[in-house]
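To start, the structure under review is shown below, and the notes come after it.
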Amino acid sequence: MTNPSNSDQPLTERLDEERLWQAVLHRNRASNGKFVYAVRSTRIYCRPSCASRRPNLRQVVFFESGEAAQRAGFRACRRCLPDSTSAADSKTEIVQRACQLLDAHAEEGEVSLSALGSALAVSPYHLQRTFKQVMGVTPRQYAEDRRLARFKQHVKAGDGVTTALYNAGYGSSSRLYEKAPQQLGMTPATYRQGGRGIVIQYSILACTLGRLLVAGTERGVCAIRLGDSDEELESSLRREFSAAEILRDDAALHAWAEELLQHLEGRQLQLNLPLDIRATAFQMRVWRELQAIPYGSTHSYSEVAAAIGQPSATRAVARACATNPVAVVIPCHRVVREDKSLGGYRWGIERKRRLLKQESKGQLSKTAKRFVVRNGRG
C-alpha cells in the first residue's frame with residue numbers, strides 16, 4: 001500500500017476492490033485502520049466496520065486513509081469516527097474493566113447489568129452494546145461461560161459436584177443444571193464420570209469428501225468427522241467417548257445426515273442442526289464467530305481473533321479451529337492464513353480446498369440468480 005501523502009487516487013485502482021468490499025459487507029473490524037470507504041452520494045467516508053446502512057457498491061470508492069478521502073472532497077462519518085483511535089481504545093478499556101469486575105465477583109453469584117454499568121459509569125444499554133461488539137457475547141453470556149469453565153476445573157480437580165458448583169459461583173444446583181444441556185453437553189455428574197451412561201448413535205455414509213460420520217445424543221449432534229474409512233472414523237469416535245454407549249443407527253441419524261449432504265453438495269447454504277458439544281468460554285466465542293462467517297467467504301486467523309476482542313490470540317484461535325468437534329457445521333474451513341493460503345485442516349488440506357471451492361461456486365450461483373430476478377428474467 002503506498003503512502004497516502006504521495007497519492008490521492010482511490011485505493012480501488014491499486015488493490016482488489018472485491019476484497020475491500022467484502023470487508024465492508026461483513027463490517028470487518030480487523031480492517032479498521034487499513035482503509036476507509038467513501039460514498040459518492042453522501043460525500044461521507046467511514047471505517048469498514050461502520051454500522052450505518054450499506055451503500056450500493058457503484059457509489060463506493062476506497063481510500064488508504066481519511067486524509068486521502070478528505071482531499072478528494074469527502075467528510076468523516078459522525079457515527080463511526082473513522083479518524084479517531086480514542087473511540088476504539090475507550091471501548092476496549094470499558095470491556096476490559098467489565099471483564100475484570102465479572103471475574104473478581106464471579107464466586108459471589110450473578111452481577112446485574114445495571115450494577116456493572118454503575119461501577120463503570122456507563123449506561124447498561126451502552127455497556128451491553130459495547131461488550132457484545134467487542135467480545136461477541138453479552139456480559140451475562142461471558143460470566144456464564146467463565147462460571148461453567150470454573151465448575152469443570154473444580155470437577156476435574158476431584159471436587160464433588162455440589163462443592164464444585166458452589167465454588168464456581170452457582171447459587172443453586174438448578175442454575176447449573178438448566179445451563180448444562182446447552183453448554184456442558186451432559187449433566188454435571190455424567191460429565192465428571194467421563195460421559196458414562198450417555199447413549200451416542202452414529203451413522204457413516206459416502207459424501208463428496210470421502211466418508212462422513214455423524215454422531216449425536218438425544219440433545220443434538222456431538223461429532224461430525226471426515227475420513228477415508230469407516231473403521232478409522234468409528235475408532236476415533238469410540239476413543240473420544242470412551243465411557244459412553246455407542247451404537248450405529250443409520251435410520252435415527254438420517255435427517256441430520258441428509259441435511260449435511262445437501263450442504264456439502266451446495267444445495268443448502270445454511271445449516272440449522274442442534275448441537276450437543278462441550279467447550280471452554282474461549283472456544284465458544286471462536287466457534288460462534290466462525291458460524292458468523294458467510295457462506296462462500298473466508299476470514300484470516302487474525303481477523304477472527306480481532307472479532308472476538310483478542311487480536312493477539314491468533315494461535316489460540318488456530319487451536320480452537322483444530323479442536324472443532326463438528327466439521328462443517330462450525331465452518332473452521334473458512335479460516336485461512338493472512339496471505340490467503342489455506343493453512344491447516346484437521347480433515348486434510350485437500351478437503352478444505354474442495355469445501356471452499358464448492359462454497360465459492362454456490363455463492364456465485366446464488367449471485368447469478370439474484371441478477372436474473374432483478375432483471376426480470378427466468
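The chains in the C-alpha cells are called A, B, ... from first to last as shown; in each chain the residues are counted from 1, and the ligands are counted from 1 in the order shown.
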
Note to self: Using DSSP assignments from the backbone, pull out every residue in segment 265-370 of chain A that falls under alpha helix (DSSP H) and give it to me as number ranges by chain.
What the structure shows: A: 281-291, 301-307, 314-322, 349-370

Check: Gly117 of chain A: which residues within 10 Å, counting only C-alpha atoms, same-chain residues fewer than 5 positions away excluded, as an MDAnalysis selection string?
Finding: chainID A and resid 94 98 112 122:128

Check: Quick one: distance from atom CA of Glu240 of chain A to atom CA of Ala322 of chain A in Å, one decimal?
Finding: 14.8 Å

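Our summary of the geometry notes that atom CA of Leu261 of chain A is positioned 6.6 Å from atom CA of Cys207 of chain A.
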
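Nearest-residue note for Tyr295 of chain A: choosing from A:Leu233, A:Cys332, A:Ala320, A:Ala68, the minimum distance belongs to A:Cys332, counting only C-alpha atoms.
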
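Take atom CA of Leu81 of chain A and atom CA of Asn56 of chain A: the distance between them is 20.8 Å.
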
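Within 8 Å of segment 49-53 of chain A there are Ala23, Val24, His26, Arg27, Asn28, Arg29, Ser31, Asn32, Arg79 and Cys80 of chain A, counting only C-alpha atoms and ignoring same-chain residues fewer than 5 positions away.
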
Hey, can you spit out that residue selection with C-alpha atoms as a compact mmCIF listing (two decimals), in the first residue's frame?
# COMPACT_ATOMS: atom_id res chain seq x y z
CA ALA A 23 -14.69 -6.31 4.40
CA VAL A 24 -17.33 -3.56 4.28
CA HIS A 26 -19.08 -8.04 6.78
CA ARG A 27 -18.29 -4.92 8.85
CA ASN A 28 -14.86 -6.41 9.45
CA ARG A 29 -13.33 -4.67 12.48
CA SER A 31 -9.83 -3.94 8.54
CA ASN A 32 -10.24 -0.71 10.51
CA ARG A 79 -21.21 7.66 13.63
CA CYS A 80 -18.03 5.57 13.34

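With only C-alpha atoms as the atoms that count, the residue of A:Arg78, A:Ala69, A:Arg147, A:Arg354 with the shortest distance to Leu102 of chain A is A:Arg147.
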
Note to self: When you look at Arg319 of chain A with a cut-off of 9 Å (counting only C-alpha atoms), what residues show up, excluding the ones that are within fewer than 5 positions of it in the same chain? I need them as a list in words.
What the structure shows: Gln283, Thr314 and Asn324 of chain A
